[in-house]
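Asks: Structure file target-v9.txt (compact mmCIF, C-alpha atoms) right here:
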```
# COMPACT_ATOMS: atom_id res chain seq x y z
CA SER A 1 38.78 -21.49 32.29
CA ASN A 2 37.22 -19.76 35.33
CA ILE A 3 34.12 -21.99 35.04
CA VAL A 4 36.03 -25.17 34.18
CA ARG A 5 38.56 -24.69 36.96
CA SER A 6 35.79 -24.09 39.49
CA ILE A 7 34.13 -27.38 38.56
CA THR A 8 37.33 -29.43 38.42
CA ARG A 9 39.11 -27.92 41.44
CA PRO A 10 38.49 -30.88 43.84
CA TRP A 11 40.05 -33.38 41.39
CA GLN A 12 42.59 -31.21 39.52
CA LEU A 13 41.59 -32.98 36.27
CA SER A 14 40.18 -31.92 32.92
CA TYR A 15 36.43 -31.30 32.65
CA ALA A 16 36.12 -34.33 30.35
CA GLU A 17 37.78 -36.57 32.91
CA VAL A 18 35.50 -35.32 35.68
CA VAL A 19 32.17 -35.77 33.83
CA GLY A 20 33.25 -38.94 32.02
CA PRO A 21 35.46 -39.00 28.89
CA SER A 22 34.48 -40.47 25.53
CA GLN A 23 36.54 -41.49 22.51
CA THR A 24 37.06 -38.53 20.22
CA MET A 25 35.24 -38.53 16.86
CA TRP A 26 35.90 -34.91 15.82
CA PHE A 27 38.65 -32.42 16.60
CA VAL A 28 37.36 -28.87 17.09
CA SER A 29 39.38 -25.83 16.03
CA HIS A 30 37.94 -22.46 17.12
CA THR A 31 38.37 -19.26 19.08
CA TRP A 32 36.17 -17.86 21.83
CA THR A 33 35.13 -14.82 19.78
CA SER A 34 31.47 -15.84 19.47
CA PRO A 35 28.84 -16.44 22.16
CA PHE A 36 28.99 -19.93 23.67
CA ARG A 37 25.47 -20.58 22.37
CA ALA A 38 26.61 -19.90 18.78
CA PHE A 39 29.60 -22.22 19.24
CA VAL A 40 27.42 -25.09 20.50
CA GLN A 41 24.91 -24.48 17.70
CA GLY A 42 27.71 -24.78 15.15
CA LEU A 43 28.74 -28.18 16.56
CA LYS A 44 25.11 -29.32 16.62
CA LYS A 45 24.65 -28.34 12.95
CA HIS A 46 27.80 -30.28 12.06
CA ALA A 47 26.68 -33.39 13.96
CA GLN A 48 23.28 -33.28 12.25
CA ALA A 49 24.88 -32.90 8.80
CA VAL A 50 27.23 -35.84 9.37
CA SER A 51 24.39 -38.00 10.71
CA ARG A 52 22.21 -37.23 7.67
CA SER A 53 25.04 -37.94 5.25
CA GLY A 54 25.57 -41.43 6.64
CA GLU A 55 29.32 -40.82 6.99
CA LEU A 56 29.03 -42.04 10.59
CA VAL A 57 26.20 -44.34 11.57
CA VAL A 58 25.76 -42.58 14.89
CA PRO A 59 22.81 -40.46 16.16
CA PHE A 60 23.89 -36.84 16.10
CA MET A 61 23.43 -36.47 19.87
CA GLU A 62 26.04 -39.19 20.39
CA MET A 63 28.77 -37.48 18.33
CA THR A 64 31.82 -36.64 20.43
CA PHE A 65 34.05 -33.59 20.03
CA TRP A 66 37.50 -32.72 21.39
CA VAL A 67 37.33 -29.10 22.59
CA CYS A 68 40.54 -27.80 24.16
CA SER A 69 38.96 -25.96 27.11
CA PHE A 70 37.13 -29.07 28.23
CA SER A 71 39.58 -31.76 27.13
CA ILE A 72 42.83 -30.22 28.37
CA ASN A 73 43.64 -30.35 32.07
CA GLN A 74 43.48 -26.68 33.05
CA TRP A 75 45.57 -27.48 36.13
CA SER A 76 48.56 -28.59 34.03
CA VAL A 77 48.28 -26.61 30.81
CA GLU A 78 52.05 -26.47 30.24
CA GLU A 79 52.26 -30.27 30.23
CA GLU A 80 49.30 -30.52 27.84
CA VAL A 81 50.52 -27.93 25.35
CA VAL A 82 54.29 -28.67 25.50
CA SER A 83 55.33 -25.36 23.95
CA ASP A 84 58.89 -26.50 23.28
CA ASN A 85 57.71 -29.48 21.18
CA ILE A 86 54.52 -28.85 19.29
CA TYR A 87 54.32 -32.47 18.13
CA GLU A 88 53.94 -33.67 21.73
CA SER A 89 50.97 -31.41 22.41
CA SER A 90 47.49 -32.71 23.15
CA PHE A 91 46.24 -30.90 20.03
CA TYR A 92 48.58 -32.84 17.77
CA LYS A 93 48.02 -36.21 19.44
CA CYS A 94 44.23 -35.90 19.28
CA LEU A 95 44.16 -34.81 15.66
CA HIS A 96 46.35 -37.72 14.64
CA SER A 97 44.54 -40.33 16.73
CA GLY A 98 42.92 -43.22 14.92
CA SER A 99 39.45 -42.39 16.24
CA CYS A 100 39.44 -38.82 14.87
CA HIS A 101 37.28 -38.52 11.73
CA GLY A 102 38.07 -34.92 10.85
CA THR A 103 38.55 -31.31 11.93
CA VAL A 104 35.58 -29.08 12.68
CA LEU A 105 36.61 -25.46 12.13
CA VAL A 106 33.96 -23.26 13.79
CA LEU A 107 33.95 -19.86 12.10
CA ASP A 108 32.46 -16.51 13.05
CA THR A 109 31.59 -13.80 10.48
CA SER A 110 35.17 -12.49 10.59
CA ALA A 111 36.77 -15.92 10.12
CA THR A 112 38.76 -15.18 13.29
CA PRO A 113 40.16 -18.72 13.71
CA LEU A 114 42.02 -18.30 10.41
CA ARG A 115 43.77 -15.28 11.90
CA ARG A 116 45.07 -17.26 14.88
CA SER A 117 48.30 -19.24 14.67
CA TRP A 118 47.17 -22.22 16.76
CA CYS A 119 44.07 -22.72 14.60
CA LEU A 120 46.26 -22.59 11.49
CA PHE A 121 48.54 -25.21 12.99
CA GLU A 122 45.47 -27.45 13.41
CA VAL A 123 44.43 -26.84 9.80
CA LEU A 124 48.01 -27.64 8.73
CA GLN A 125 47.90 -30.97 10.59
CA THR A 126 44.56 -31.71 8.92
CA MET A 127 46.18 -31.12 5.52
CA LYS A 128 49.17 -33.31 6.40
CA ARG A 129 47.03 -36.16 7.69
CA ILE A 130 45.07 -36.25 4.43
CA LYS A 131 48.26 -36.09 2.36
CA ASP A 132 50.47 -38.45 4.37
CA HIS A 133 48.12 -41.15 5.56
CA GLN A 134 45.56 -41.37 2.75
CA ASP A 135 43.07 -42.31 5.47
CA GLU A 136 39.63 -42.88 3.94
CA LYS A 137 37.99 -42.62 7.35
CA PHE A 138 39.42 -39.13 7.90
CA SER A 139 37.11 -36.68 6.10
CA GLY A 140 39.35 -33.63 6.44
CA LEU A 141 38.26 -30.07 7.15
CA TRP A 142 34.65 -29.11 7.90
CA LEU A 143 33.81 -25.40 7.75
CA CYS A 144 31.06 -24.81 10.29
CA THR A 145 28.97 -21.83 11.36
CA GLU A 146 26.03 -21.19 13.65
CA SER A 147 23.70 -21.41 10.64
CA GLY A 148 25.10 -24.72 9.33
CA THR A 149 28.06 -26.37 7.61
CA LEU A 150 29.41 -24.97 4.37
CA ASN A 151 30.56 -28.43 3.22
CA SER A 152 27.00 -29.75 3.16
CA GLY A 153 25.52 -26.56 1.71
CA GLU A 154 23.48 -25.84 4.82
CA ALA A 155 24.97 -22.56 6.04
CA SER A 156 23.11 -19.35 5.31
CA VAL A 157 23.92 -17.65 2.01
CA GLU A 158 24.73 -14.40 3.85
CA MET A 159 27.25 -16.15 6.12
CA ALA A 160 28.84 -17.99 3.19
CA MET A 161 29.26 -14.79 1.16
CA THR A 162 30.72 -12.93 4.14
CA LEU A 163 33.25 -15.68 4.82
CA GLY A 164 34.09 -15.91 1.13
CA ASN A 165 35.00 -12.23 0.94
CA VAL A 166 37.00 -12.40 4.19
CA ILE A 167 39.01 -15.50 3.27
CA ALA A 168 39.67 -14.24 -0.28
CA ASP A 169 41.72 -11.40 1.24
CA LEU A 170 43.25 -13.48 4.04
CA SER A 171 46.96 -14.29 4.34
CA VAL A 172 47.95 -16.89 6.93
CA LYS A 173 51.40 -15.35 7.43
CA ASN A 174 49.64 -12.43 9.14
CA ALA A 175 48.07 -14.66 11.79
CA SER A 176 48.70 -13.80 15.42
CA ALA A 177 49.27 -15.67 18.68
CA SER A 178 49.16 -14.73 22.34
CA PHE A 179 52.86 -15.58 22.66
CA ALA A 180 55.52 -14.62 20.11
CA GLU A 181 57.34 -17.95 20.54
CA ASP A 182 54.14 -19.86 19.61
CA LYS A 183 53.74 -17.85 16.40
CA MET A 184 57.38 -18.39 15.46
CA MET A 185 57.14 -22.14 16.08
CA ILE A 186 53.91 -22.48 14.04
CA ASP A 187 55.17 -20.22 11.23
CA ASN A 188 58.26 -22.43 10.97
CA ALA A 189 56.07 -25.54 10.78
CA ILE A 190 54.05 -24.00 7.94
CA GLN A 191 57.16 -22.89 6.07
CA ASP A 192 58.63 -26.40 6.38
CA MET A 193 55.65 -27.64 4.35
CA GLU A 194 56.05 -27.68 0.58
CA GLY A 195 54.84 -24.33 -0.73
CA GLY A 196 54.77 -22.74 2.73
CA PHE A 197 52.32 -19.92 3.36
CA GLU A 198 51.23 -19.73 -0.28
CA SER A 199 50.29 -23.40 -0.31
CA MET A 200 48.22 -23.02 2.83
CA ASP A 201 46.47 -19.91 1.51
CA ALA A 202 45.61 -21.83 -1.66
CA TYR A 203 44.31 -24.80 0.36
CA LEU A 204 41.97 -22.64 2.45
CA ARG A 205 40.66 -20.67 -0.53
CA GLY A 206 40.23 -23.81 -2.59
CA HIS A 207 38.37 -25.53 0.23
CA LEU A 208 36.03 -22.58 0.65
CA SER A 209 35.52 -22.24 -3.10
CA GLN A 210 34.52 -25.89 -3.29
CA ALA A 211 32.08 -25.44 -0.39
CA LEU A 212 30.57 -22.30 -1.95
CA ASN A 213 30.08 -24.04 -5.30
CA PHE A 214 28.34 -26.89 -3.52
CA MET A 215 26.12 -24.40 -1.70
CA ARG A 216 25.28 -22.58 -4.93
CA ASN A 217 24.29 -25.80 -6.71
CA ASP A 218 22.22 -26.91 -3.72
CA PHE A 219 20.52 -23.49 -3.51
CA ASP A 220 19.77 -23.44 -7.25
CA GLU A 221 18.20 -26.90 -7.00
CA LYS A 222 16.02 -25.95 -4.01
CA PHE A 223 15.07 -22.61 -5.59
CA GLY A 224 14.07 -24.38 -8.80
CA LYS A 225 11.82 -26.78 -6.88
CA VAL A 226 10.04 -23.88 -5.20
CA LEU A 227 9.47 -22.16 -8.56
CA ASP A 228 8.22 -25.39 -10.11
CA LYS A 229 5.80 -25.82 -7.21
CA LEU A 230 4.47 -22.29 -7.65
CA ASP A 231 4.14 -22.73 -11.42
CA SER A 232 2.20 -25.97 -10.92
CA PHE A 233 -0.83 -24.16 -9.49
CA PRO A 234 -3.64 -23.17 -11.94
CA THR A 235 -3.75 -19.46 -12.68
CA ASP A 236 -6.75 -17.17 -13.03
CA SER A 237 -6.39 -15.21 -16.27
CA LYS A 238 -8.69 -12.47 -14.98
CA VAL A 239 -6.52 -11.96 -11.91
CA LEU A 240 -3.39 -11.93 -14.06
CA ASP A 241 -4.96 -9.35 -16.35
CA LYS A 242 -5.65 -7.12 -13.37
CA VAL A 243 -2.13 -7.57 -12.02
CA GLY A 244 -0.71 -6.87 -15.44
CA SER A 245 -2.69 -3.64 -15.69
CA PHE A 246 -0.77 -2.08 -12.80
CA PRO A 247 1.93 0.39 -13.85
CA ALA A 248 5.43 -1.09 -13.80
CA GLU A 249 6.63 1.79 -11.65
CA PRO A 250 4.26 3.56 -9.23
CA LYS A 251 3.90 7.28 -9.88
CA VAL A 252 5.05 9.62 -7.18
CA SER A 253 2.17 11.89 -6.16
CA ASP A 254 2.46 15.35 -4.68
CA THR A 255 -0.12 14.42 -2.06
CA PHE A 256 -0.72 11.69 0.42
CA PHE A 257 -3.81 10.69 2.35
CA GLY A 258 -4.00 10.71 6.13
CA PHE A 259 -6.77 8.81 7.81
CA SER A 260 -8.61 10.03 10.93
CA ASP A 261 -11.35 8.33 12.90
CA GLU A 262 -14.05 10.53 11.33
CA SER A 263 -12.97 11.31 7.81
CA VAL A 264 -10.36 11.08 5.10
CA VAL A 265 -8.28 14.25 4.90
CA LYS A 266 -6.22 15.19 1.86
CA VAL A 267 -2.95 16.76 2.88
CA ASN A 268 -0.64 18.72 0.58
CA VAL A 269 3.08 18.05 0.82
```
What's the structure tokens form of this structure?
Replies:
Amino acid sequence: SNIVRSITRPWQLSYAEVVGPSQTMWFVSHTWTSPFRAFVQGLKKHAQAVSRSGELVVPFMEMTFWVCSFSINQWSVEEEVVSDNIYESSFYKCLHSGSCHGTVLVLDTSATPLRRSWCLFEVLQTMKRIKDHQDEKFSGLWLCTESGTLNSGEASVEMAMTLGNVIADLSVKNASASFAEDKMMIDNAIQDMEGGFESMDAYLRGHLSQALNFMRNDFDEKFGKVLDKLDSFPTDSKVLDKVGSFPAEPKVSDTFFGFSDESVVKVNV
């Protein structure tokens, strides 16, 4: 906010209003626990994945995202958030707007957003919009990282496995908020949903499991193509015979050879 407020001070408006607002295509849920560069890279990877999929016939550089720090007026935060009525907040109104195509959940290696109450509220509203409105245009929750989106199978395997292990042990009822009243309000909203915390835990784990299965199938397919390409080259039987003559496990010697400029010196160890 120190950067945004410095830029917007003369007008007392949101950053988006100052530089020129656009209609929202994607709602972004995140925390500032990763470098800004990693956050932007995650959004870029998402935009590229959506553009390639054909879900939106829009060049990826023209995708628009609602990011709270830039979309909310930092000079009137209380009016934007409306802590006494969560359903009048800018978060809620944006996520339920007709132009919003889905929620982009930007994750770090610790899945920190899933430990924060406000992010869980946004995931809850994503679930409710899918369930209540049956909106074909709304594509639901996208799990995004700096290395790519899990939904499209483009995130790194290491990142996917890390997130899988973290989320498997995660319980949304243990999420935290900066203000106790915010956590209580959001916890109540989750508990009012059928199944409460358990239902939301199951949704998140099921969503990640589906993404990981997609990634595994995509990886297996790509790995198979690489092996097929390698196997397609002609092989030299003489070379293979030489390779095959090497011992399966190298023997450990009690000496090693050190090389000097003038000679080879055998050194006992």
Asks: Quick one: of A:Asn2, A:Gln23, A:Thr149, A:Ser99, who's nearest to A:Ala47, counting only C-alpha atoms?
Replies: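 Smallest distance to A:Ala47 is found for A:Thr149.
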Asks: May I have the residues at most 12 Å from (36.6, -19.4, -5.6) in the file's coordinates, counting all atoms listed in the file, as a PyMOL selection string?
Replies: chain A and resi 160-161+163-165+167-169+202-214+216
Asks: Contacts of stretch 69-75 of chain A at 12 Å or less, counting all atoms listed in the file, minus same-chain residues fewer than 2 places along, as a ChimeraX atom specification?
Replies: /A:1-24,27-32,64-67,77-82,89-91,93-94
Asks: Using atom CA of A:Trp118 and atom CA of A:Asp187 as the two end points, give the distance in Å to one decimal.
Replies: 9.9 Å
Asks: For A:Gly98, which residue out of A:Asp192, A:Glu62, A:Glu158, A:Glu136 is the nearest one, using all atoms listed in the file?
Replies: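 Comparing A:Asp192, A:Glu62, A:Glu158, A:Glu136 against A:Gly98, the winner is A:Glu136.
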Asks: For a test of reading the model, state the distance in Å between atom CA of A:Trp142 and atom CA of A:Phe179, rounded to one decimal.
Replies: 27.1 Å
Asks: One number please: atom CA of A:Ser97 to atom CA of A:Thr126, in Å, one decimal.
Replies: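 Separation of atom CA of A:Ser97 and atom CA of A:Thr126: 11.6 Å.
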Asks: Find, counting only C-alpha atoms, the residue in A:Ser156, A:Thr145, A:Asn217, A:Ser110 that gets nearest to A:Val40.
Replies: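 Among the listed residues, the smallest separation from A:Val40 belongs to A:Thr145.
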Asks: Rank nothing, just name the residue among A:Leu105, A:Gly148, A:Asp132, A:Ile86 nearest to A:Asn188, using all atoms listed in the file.
Replies: A:Ile86
Asks: Tell me which of A:Tyr87, A:Gly153, A:Lys137, A:Thr103 sits closest to A:Ile186, counting only C-alpha atoms.
Replies: A:Tyr87
Asks: Identify which of the residues A:Ile190, A:Asn85, A:Glu122, A:Gly42 lies closest to A:Leu150, counting all atoms listed in the file when measuring atom-to-atom distances.
Replies: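 Selected residue with least distance to A:Leu150: A:Gly42.
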Asks: Using only the atoms of stretch 60-73 of chain A listed in the file, plus 3 Å on each side, state the axis-aligned box centre and edge lengths in Å rounded to one decimal, as lines of an AutoDock Vina configuration file.
Replies:
```
center_x = 33.5
center_y = -32.6
center_z = 24.1
size_x = 26.2
size_y = 19.2
size_z = 22.0
```
